[in-house]
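Asks: The following file, data-v7.csv, comprises CSV, C-alpha atoms and all ligand atoms:
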```
chain,number,residue,atom,x,y,z
P,9,MET,CA,8.4,5.6,3.2
P,10,THR,CA,11.0,4.7,5.8
P,11,ALA,CA,12.7,8.1,5.5
P,12,TYR,CA,9.4,9.7,6.5
P,13,GLY,CA,8.7,7.2,9.3
P,14,ILE,CA,5.8,5.5,7.4
P,15,PRO,CA,5.6,1.8,8.4
P,16,VAL,CA,5.8,-0.8,5.6
P,17,ALA,CA,5.4,-4.5,5.5
P,18,GLY,CA,8.8,-6.4,5.6
P,19,TRP,CA,10.2,-6.7,2.1
P,20,ARG,CA,13.1,-7.7,-0.2
P,21,VAL,CA,13.7,-7.5,-3.9
P,22,ALA,CA,14.8,-10.6,-5.8
P,23,SER,CA,15.8,-11.1,-9.4
P,24,ASN,CA,15.2,-14.8,-9.7
P,25,ALA,CA,13.6,-17.8,-8.0
P,26,SER,CA,16.6,-18.7,-5.9
P,27,GLU,CA,17.0,-15.1,-4.6
P,28,ALA,CA,13.2,-15.1,-4.0
P,29,GLU,CA,13.3,-18.2,-1.9
P,30,LYS,CA,16.2,-16.8,0.2
P,31,ALA,CA,14.4,-13.5,0.6
P,32,ALA,CA,11.2,-15.2,1.7
P,33,ALA,CA,13.1,-17.3,4.3
P,34,GLU,CA,14.7,-14.1,5.7
P,35,ILE,CA,11.3,-12.3,5.9
P,36,GLY,CA,9.5,-15.3,7.4
P,37,PHE,CA,6.5,-17.2,5.9
P,38,PRO,CA,3.8,-16.7,4.8
P,39,VAL,CA,4.9,-14.2,2.1
P,40,VAL,CA,3.5,-12.4,-1.0
P,41,VAL,CA,5.3,-12.4,-4.3
P,42,LYS,CA,4.7,-9.4,-6.7
P,43,ALA,CA,5.9,-8.9,-10.2
P,44,ASP,CA,8.0,-5.7,-10.2
P,45,SER,CA,8.4,-4.1,-13.6
P,46,GLU,CA,7.9,-0.6,-15.0
P,47,SER,CA,5.4,-2.0,-17.5
P,48,ILE,CA,3.1,-3.5,-14.9
P,49,VAL,CA,1.0,-0.9,-13.2
P,50,HIS,CA,-2.0,-2.8,-11.8
P,51,LYS,CA,-0.2,-5.9,-10.7
P,52,SER,CA,-3.1,-7.9,-9.4
P,53,ASP,CA,-5.1,-7.4,-12.6
P,54,MET,CA,-2.4,-9.2,-14.5
P,55,GLY,CA,-1.7,-12.1,-12.1
P,56,GLY,CA,1.3,-10.2,-10.7
P,57,VAL,CA,0.3,-10.6,-7.1
P,58,VAL,CA,0.2,-14.0,-5.3
P,59,THR,CA,-0.5,-13.9,-1.6
P,60,ASP,CA,-0.2,-16.4,1.3
P,61,LEU,CA,2.8,-18.5,0.1
P,62,GLN,CA,3.7,-20.9,2.8
P,63,ASP,CA,7.1,-22.2,1.9
P,64,GLY,CA,10.1,-21.9,-0.4
P,65,ARG,CA,8.8,-24.3,-3.0
P,66,ALA,CA,5.6,-22.2,-3.4
P,67,VAL,CA,7.7,-19.1,-3.8
P,68,ARG,CA,9.9,-20.7,-6.4
P,69,SER,CA,7.0,-22.0,-8.5
P,70,THR,CA,5.2,-18.6,-8.3
P,71,VAL,CA,8.3,-16.8,-9.5
P,72,GLU,CA,8.8,-19.3,-12.4
P,73,GLU,CA,5.2,-18.9,-13.4
P,74,MET,CA,5.5,-15.1,-13.4
P,75,GLU,CA,8.7,-15.3,-15.5
P,76,LYS,CA,6.7,-17.3,-18.1
P,77,ARG,CA,3.8,-14.9,-18.0
P,78,PHE,CA,5.7,-11.6,-18.1
P,79,GLY,CA,9.0,-12.5,-19.8
P,80,ALA,CA,12.2,-12.3,-17.8
P,81,GLY,CA,13.5,-9.1,-19.3
P,82,GLY,CA,13.7,-6.4,-16.7
P,83,LEU,CA,11.4,-8.3,-14.4
P,84,ARG,CA,12.2,-8.3,-10.7
P,85,PHE,CA,10.2,-9.8,-7.8
P,86,PHE,CA,9.1,-8.0,-4.7
P,87,ILE,CA,8.9,-10.5,-1.8
P,88,GLN,CA,6.8,-9.2,1.1
P,89,GLU,CA,5.5,-10.2,4.5
P,90,TYR,CA,1.9,-11.4,4.1
P,91,LEU,CA,-0.5,-9.5,6.4
P,92,PRO,CA,-4.0,-11.1,6.4
P,93,GLY,CA,-7.1,-9.9,8.1
P,94,GLY,CA,-6.6,-6.2,8.1
P,95,LYS,CA,-8.8,-3.4,6.7
P,96,GLU,CA,-7.5,-1.7,3.5
P,97,VAL,CA,-7.2,2.1,3.3
P,98,ILE,CA,-5.6,4.4,0.9
P,99,VAL,CA,-3.6,7.6,1.5
P,100,GLY,CA,-2.5,9.5,-1.6
P,101,ALA,CA,-1.6,12.9,-3.0
P,102,LYS,CA,-1.7,14.7,-6.3
P,103,THR,CA,-0.7,18.2,-7.6
P,104,GLU,CA,-3.6,20.5,-8.2
P,105,LYS,CA,-3.1,23.6,-10.3
P,106,ASP,CA,-2.4,26.7,-8.2
P,107,LEU,CA,-3.0,24.8,-5.0
P,108,GLY,CA,0.2,22.7,-4.5
P,109,HIS,CA,-0.9,19.2,-3.4
P,110,LEU,CA,-4.1,17.7,-2.4
P,111,VAL,CA,-3.8,14.9,0.2
P,112,MET,CA,-6.3,12.1,-0.1
P,113,PHE,CA,-7.6,9.4,2.3
P,114,GLY,CA,-10.2,6.7,1.6
P,115,ILE,CA,-11.2,3.1,1.6
P,116,GLY,CA,-8.4,1.3,-0.3
P,117,GLY,CA,-7.7,-2.0,-2.0
P,118,ILE,CA,-8.8,-3.1,-5.4
P,119,TYR,CA,-12.3,-1.6,-5.0
P,120,VAL,CA,-11.1,2.0,-4.5
P,121,GLU,CA,-12.4,3.1,-8.0
P,122,ILE,CA,-15.8,1.5,-7.4
P,123,LEU,CA,-16.5,2.7,-3.9
P,124,LYS,CA,-15.1,6.2,-4.4
P,125,ASP,CA,-15.3,6.7,-0.6
P,126,VAL,CA,-12.5,9.3,-0.4
P,127,VAL,CA,-11.8,12.7,1.1
P,128,PHE,CA,-9.3,15.4,0.0
P,129,LYS,CA,-7.6,18.3,1.9
P,130,ILE,CA,-5.0,20.8,0.7
P,131,ALA,CA,-1.5,20.2,2.0
P,132,PRO,CA,-0.1,20.9,4.5
P,133,VAL,CA,-2.7,18.9,6.5
P,134,THR,CA,-2.8,19.6,10.2
P,135,THR,CA,-3.3,16.9,12.8
P,136,VAL,CA,-6.9,18.0,13.4
P,137,GLU,CA,-7.6,18.0,9.6
P,138,ALA,CA,-6.1,14.5,9.3
P,139,GLN,CA,-8.4,13.3,12.2
P,140,GLU,CA,-11.3,14.9,10.3
P,141,MET,CA,-10.3,13.1,7.2
P,142,PHE,CA,-10.3,9.8,9.0
P,143,SER,CA,-13.7,10.5,10.5
P,144,SER,CA,-15.5,11.7,7.3
P,145,LEU,CA,-15.7,8.6,5.1
P,146,LYS,CA,-19.0,6.8,4.6
P,147,MET,CA,-17.2,3.7,5.8
P,148,THR,CA,-15.6,5.3,8.8
P,149,PRO,CA,-17.9,3.4,11.2
P,150,LEU,CA,-16.6,0.2,9.6
P,151,LEU,CA,-13.0,1.3,10.3
P,152,LYS,CA,-13.9,2.1,13.9
P,153,GLY,CA,-15.5,-1.4,14.2
P,154,VAL,CA,-19.1,-2.4,14.1
P,155,ARG,CA,-21.0,-5.0,16.2
P,156,GLY,CA,-18.3,-5.7,18.7
P,157,GLU,CA,-15.7,-6.0,16.0
P,158,THR,CA,-12.4,-4.3,16.9
P,159,GLY,CA,-11.6,-1.1,15.0
P,160,VAL,CA,-8.3,-0.1,13.3
P,161,ASP,CA,-5.5,2.0,14.7
P,162,GLN,CA,-6.8,5.5,14.0
P,163,GLN,CA,-3.8,7.2,15.4
P,164,ALA,CA,-1.5,5.2,13.1
P,165,ILE,CA,-3.5,6.2,10.0
P,166,VAL,CA,-3.8,9.8,11.0
P,167,GLU,CA,0.0,9.8,11.3
P,168,VAL,CA,0.5,8.4,7.8
P,169,ILE,CA,-1.8,11.2,6.4
P,170,GLU,CA,0.3,13.8,8.2
P,171,ARG,CA,3.6,12.3,7.1
P,172,ILE,CA,2.5,12.1,3.5
P,173,SER,CA,1.4,15.7,3.7
P,174,GLN,CA,4.9,16.6,4.9
P,175,LEU,CA,6.5,14.5,2.2
P,176,VAL,CA,4.7,16.1,-0.7
P,177,THR,CA,5.2,19.6,0.9
P,178,ASP,CA,9.0,18.9,1.0
P,179,LEU,CA,9.1,17.3,-2.5
P,180,PRO,CA,6.9,19.5,-4.8
P,181,MET,CA,8.1,17.5,-7.9
P,182,ILE,CA,5.9,14.6,-6.9
P,183,GLN,CA,2.9,14.6,-9.3
P,184,GLU,CA,1.0,11.8,-7.8
P,185,LEU,CA,1.5,9.4,-5.0
P,186,ASP,CA,-0.6,6.4,-3.8
P,187,LEU,CA,-0.2,4.2,-0.8
P,188,ASN,CA,-2.8,1.5,-1.8
P,189,PRO,CA,-3.4,-0.4,0.2
P,190,ILE,CA,-2.3,0.4,3.7
P,191,VAL,CA,-3.4,-2.6,5.7
P,192,ALA,CA,-4.8,-1.5,9.1
P,193,PHE,CA,-5.1,-3.5,12.2
P,194,GLU,CA,-6.1,-2.7,15.8
P,195,ASP,CA,-2.6,-1.8,16.8
P,196,ARG,CA,-0.8,-0.8,13.6
P,197,ALA,CA,-1.1,0.2,9.9
P,198,LEU,CA,1.4,-0.9,7.3
P,199,VAL,CA,1.9,0.1,3.7
P,200,VAL,CA,2.0,-2.9,1.3
P,201,ASP,CA,1.9,-1.1,-2.1
P,202,ALA,CA,3.2,2.4,-3.0
P,203,ARG,CA,3.4,4.2,-6.3
P,204,ILE,CA,5.0,7.7,-6.9
P,205,SER,CA,5.2,9.6,-10.2
P,206,VAL,CA,7.3,12.7,-10.7
P,301,LIG,P1,-1.8,-3.7,-7.3
P,301,LIG,O1,-2.5,-2.5,-6.7
P,301,LIG,O2,-0.7,-3.3,-8.3
P,301,LIG,O3,-2.8,-4.6,-8.0
P,301,LIG,P2,-1.1,-4.6,-4.6
P,301,LIG,O4,0.3,-4.7,-4.1
P,301,LIG,O5,-1.9,-3.4,-4.1
P,301,LIG,O6,-1.1,-4.6,-6.2
P,301,LIG,O7,-1.9,-5.9,-4.3
P,301,LIG,C1,-3.3,-6.1,-4.6
P,301,LIG,C2,-4.1,-6.6,-3.4
P,301,LIG,O8,-3.4,-7.7,-2.9
P,301,LIG,C3,-4.1,-5.6,-2.2
P,301,LIG,O9,-5.2,-4.7,-2.3
P,301,LIG,C4,-4.3,-6.5,-1.0
P,301,LIG,O10,-5.7,-6.9,-1.0
P,301,LIG,C5,-3.5,-7.7,-1.4
P,301,LIG,N1,-2.2,-7.7,-0.9
P,301,LIG,C6,-1.1,-7.2,-1.5
P,301,LIG,N2,0.0,-7.3,-0.6
P,301,LIG,C7,-0.4,-7.8,0.5
P,301,LIG,C8,0.2,-8.2,1.8
P,301,LIG,N3,1.5,-8.0,2.0
P,301,LIG,N4,-0.5,-8.7,2.7
P,301,LIG,C9,-1.9,-8.9,2.5
P,301,LIG,N5,-2.5,-8.6,1.4
P,301,LIG,C10,-1.8,-8.1,0.4
P,302,MG,MG,-2.3,-1.5,-4.9
```
Starting from the coordinates I provided, produce the structure as structure tokens.
Replies:
Amino acid sequence: MTAYGIPVAGWRVASNASEAEKAAAEIGFPVVVKADSESIVHKSDMGGVVTDLQDGRAVRSTVEEMEKRFGAGGLRFFIQEYLPGGKEVIVGAKTEKDLGHLVMFGIGGIYVEILKDVVFKIAPVTTVEAQEMFSSLKMTPLLKGVRGETGVDQQAIVEVIERISQLVTDLPMIQELDLNPIVAFEDRALVVDARISV
């Protein structure tokens, strides 16, 4: 993501509780701890995501609990800046036979499969198309802010859509890519979970 100028929440990888505590202190509290293993796809379904950890002791006990739950073999821990209070969106891409890649934008988070509020365009996606994508969800008014609520940083999200379009255009071997969620605020939008398959 960094190579393509896509903003991400601050992160470190740790392989045990002590490293996790140190990483959390470097990032700054509160943090999130995520179980990082090839065999865990939907982390939160399995108790592999714990948010809003306030101190080193909480980080340590979370890591130890995950080691018990998942077994220590090959398990690492992803320590991440906790970003509360944003709106969750998804940007993704997938290959489509004879078309190259489709780029996707929608309402993100753990409800993405239920809400199915998503839109697709064929890559490469222009700036105007990315703006159209942002504007065409059923939930777009929610992203723009209703009843005096502040909206999210539309420009930041449009830029992520364009940058992902560029990334999959440059890297045709990518089969599927999901940034879910991107946590969007009034003045920025940061990726907190990314998955790429080739
Ligand atoms: P998975 O999709 O594998 O279950 P995620 O990393 O997407 O795991 O985390 C699941 C949910 O936890 C997210 O949709 C979001 O609501 C919340 N979450 C994850 N990381 C953060 C973070 N850094 N700040 C705030 N909320 C987060
Ligand atoms: Mg996710």
Asks: Work out how far CA of Phe113 in chain P is from CA of Leu91 in chain P, in Å to one decimal.
Replies: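 Interatomic distance here is 20.6 Å.
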Asks: Taking into account all atoms listed in the file, which residue in the set P:Arg68, P:Lys146, P:Lys95, P:Lys30 is nearest to ligand LIG 301 (chain P)?
Replies: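 For ligand LIG 301 (chain P), the nearest of the candidates is P:Lys95.
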Asks: Could you make a table, as a Markdown table, of the residues of range 97-135 of chain P that have an atom within 12 Å of an atom of range 40-57 of chain P, each with its nearest atom pair and distance in Å to one decimal, counting all atoms listed in the file, in chain and number order?
Replies:
```
| residue | atom | partner | partner_atom | distance |
| --- | --- | --- | --- | --- |
| P:Gly117 | CA | P:Ser52 | CA | 10.5 |
| P:Ile118 | CA | P:Ser52 | CA | 8.5 |
| P:Tyr119 | CA | P:Asp53 | CA | 12.0 |
```
Asks: Can those selected residues be exported to a file as a PDB file, in the coordinates of the input so that it contains C-alpha atoms?
Replies:
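Below you can see selection.pdb, which holds the result:
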```pdb
ATOM      1  CA  GLY P 117      -7.700  -2.000  -2.000  1.00  0.00           C
ATOM      2  CA  ILE P 118      -8.800  -3.100  -5.400  1.00  0.00           C
ATOM      3  CA  TYR P 119     -12.300  -1.600  -5.000  1.00  0.00           C
TER       4      TYR P 119
END
```
Asks: Which neighbours of Leu175 in chain P fall inside 8 Å, counting all atoms listed in the file, when residues of the same chain fewer than 4 positions from it are skipped, and could you give them as a PyMOL selection string?
Replies: chain P and resi 12+171+179
Asks: Distance CA of Pro189 in chain P-CA of Ile165 in chain P, one decimal place?
Replies: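 Separation of CA of Pro189 in chain P and CA of Ile165 in chain P: 11.8 Å.
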Asks: Using only C-alpha atoms, which residues sit within 10 Å of Glu184 in chain P once same-chain residues fewer than 3 positions away are excluded, as a short mmCIF file (atom, residue, chain, number, x, y, z; two decimals) with C-alpha atoms, in the frame of the given file?
Replies:
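Listing of result-v4.cif after writing:
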```
data_model
loop_
_atom_site.label_atom_id
_atom_site.label_comp_id
_atom_site.auth_asym_id
_atom_site.auth_seq_id
_atom_site.Cartn_x
_atom_site.Cartn_y
_atom_site.Cartn_z
CA GLY P 100 -2.50 9.50 -1.60
CA ALA P 101 -1.60 12.90 -3.00
CA LYS P 102 -1.70 14.70 -6.30
CA THR P 103 -0.70 18.20 -7.60
CA GLU P 104 -3.60 20.50 -8.20
CA HIS P 109 -0.90 19.20 -3.40
CA LEU P 110 -4.10 17.70 -2.40
CA VAL P 111 -3.80 14.90 0.20
CA VAL P 176 4.70 16.10 -0.70
CA MET P 181 8.10 17.50 -7.90
CA ARG P 203 3.40 4.20 -6.30
CA ILE P 204 5.00 7.70 -6.90
CA SER P 205 5.20 9.60 -10.20
CA VAL P 206 7.30 12.70 -10.70
#
```
Asks: From the options P:Ile122, P:Ala22, P:Val58, P:Val39, which residue's atoms come nearest to Leu83 in chain P, counting only C-alpha atoms?
Replies: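 For Leu83 in chain P, the nearest of the given residues is P:Ala22.
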Asks: Select, from P:Gly116, P:Gly94, P:Pro180, P:Gly82, the residue with the minimum atom-to-atom distance to ligand MG 302 (chain P), counting only C-alpha atoms and all ligand atoms.
Replies: P:Gly116
Asks: Quick one: distance from CA of Thr134 in chain P to CA of Met112 in chain P in Å, one decimal?
Replies: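 For CA of Thr134 in chain P relative to CA of Met112 in chain P, the distance reads 13.2 Å.
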Asks: Measuring between all atoms listed in the file, which one of P:Val200, P:Ala66, P:Ile35, P:Val160 shows the shortest distance to ligand MG 302 (chain P)?
Replies: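 Looking only at the distances to ligand MG 302 (chain P), the closest residue turns out to be P:Val200.
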Asks: Add whatever atoms are absent from range 183-201 of chain P to reach N, CA, C and O atoms, and provide the output as a short mmCIF file (atom, residue, chain, number, x, y, z; two decimals), in the frame of the given file.
Replies:
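out_31.cif, freshly written:
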```cif
data_model
loop_
_atom_site.label_atom_id
_atom_site.label_comp_id
_atom_site.auth_asym_id
_atom_site.auth_seq_id
_atom_site.Cartn_x
_atom_site.Cartn_y
_atom_site.Cartn_z
N GLN P 183 4.19 14.37 -8.59
CA GLN P 183 2.90 14.60 -9.30
C GLN P 183 1.78 13.88 -8.62
O GLN P 183 0.70 14.41 -8.42
N GLU P 184 2.06 12.61 -8.35
CA GLU P 184 1.00 11.80 -7.80
C GLU P 184 1.64 10.68 -6.96
O GLU P 184 2.74 10.19 -7.26
N LEU P 185 0.94 10.35 -5.91
CA LEU P 185 1.50 9.40 -5.00
C LEU P 185 0.27 8.57 -4.43
O LEU P 185 -0.77 9.15 -4.09
N ASP P 186 0.41 7.26 -4.39
CA ASP P 186 -0.60 6.40 -3.80
C ASP P 186 -0.07 5.34 -2.94
O ASP P 186 0.78 4.58 -3.38
N LEU P 187 -0.53 5.29 -1.73
CA LEU P 187 -0.20 4.20 -0.80
C LEU P 187 -1.53 3.35 -0.81
O LEU P 187 -2.48 3.72 -0.13
N ASN P 188 -1.57 2.29 -1.62
CA ASN P 188 -2.80 1.50 -1.80
C ASN P 188 -2.58 0.07 -2.00
O ASN P 188 -2.21 -0.32 -3.10
N PRO P 189 -2.84 -0.76 -1.01
CA PRO P 189 -3.40 -0.40 0.20
C PRO P 189 -2.41 -0.16 1.37
O PRO P 189 -1.28 -0.60 1.29
N ILE P 190 -2.93 0.50 2.42
CA ILE P 190 -2.30 0.40 3.70
C ILE P 190 -3.19 -0.58 4.49
O ILE P 190 -4.42 -0.44 4.50
N VAL P 191 -2.57 -1.61 5.03
CA VAL P 191 -3.40 -2.60 5.70
C VAL P 191 -3.38 -2.25 7.22
O VAL P 191 -2.34 -2.17 7.87
N ALA P 192 -4.60 -2.00 7.71
CA ALA P 192 -4.80 -1.50 9.10
C ALA P 192 -5.30 -2.53 10.01
O ALA P 192 -6.26 -3.23 9.69
N PHE P 193 -4.66 -2.61 11.18
CA PHE P 193 -5.10 -3.50 12.20
C PHE P 193 -5.38 -2.68 13.48
O PHE P 193 -5.22 -1.47 13.48
N GLU P 194 -5.77 -3.39 14.54
CA GLU P 194 -6.10 -2.70 15.80
C GLU P 194 -4.93 -1.90 16.35
O GLU P 194 -5.13 -0.85 16.96
N ASP P 195 -3.72 -2.38 16.12
CA ASP P 195 -2.60 -1.80 16.80
C ASP P 195 -1.49 -1.25 15.83
O ASP P 195 -0.41 -0.85 16.25
N ARG P 196 -1.75 -1.27 14.52
CA ARG P 196 -0.80 -0.80 13.60
C ARG P 196 -1.35 -0.67 12.18
O ARG P 196 -2.43 -1.23 11.90
N ALA P 197 -0.67 0.02 11.30
CA ALA P 197 -1.10 0.20 9.90
C ALA P 197 0.16 0.16 9.05
O ALA P 197 1.08 0.95 9.29
N LEU P 198 0.22 -0.76 8.08
CA LEU P 198 1.40 -0.90 7.30
C LEU P 198 1.15 -0.80 5.80
O LEU P 198 0.22 -1.41 5.28
N VAL P 199 1.99 -0.04 5.11
CA VAL P 199 1.90 0.10 3.70
C VAL P 199 2.33 -1.20 2.99
O VAL P 199 3.40 -1.71 3.32
N VAL P 200 1.53 -1.72 2.04
CA VAL P 200 2.00 -2.90 1.30
C VAL P 200 2.17 -2.59 -0.22
O VAL P 200 2.69 -3.42 -0.95
N ASP P 201 1.71 -1.41 -0.69
CA ASP P 201 1.90 -1.10 -2.10
C ASP P 201 1.98 0.46 -2.21
O ASP P 201 1.14 1.16 -1.67
#
```
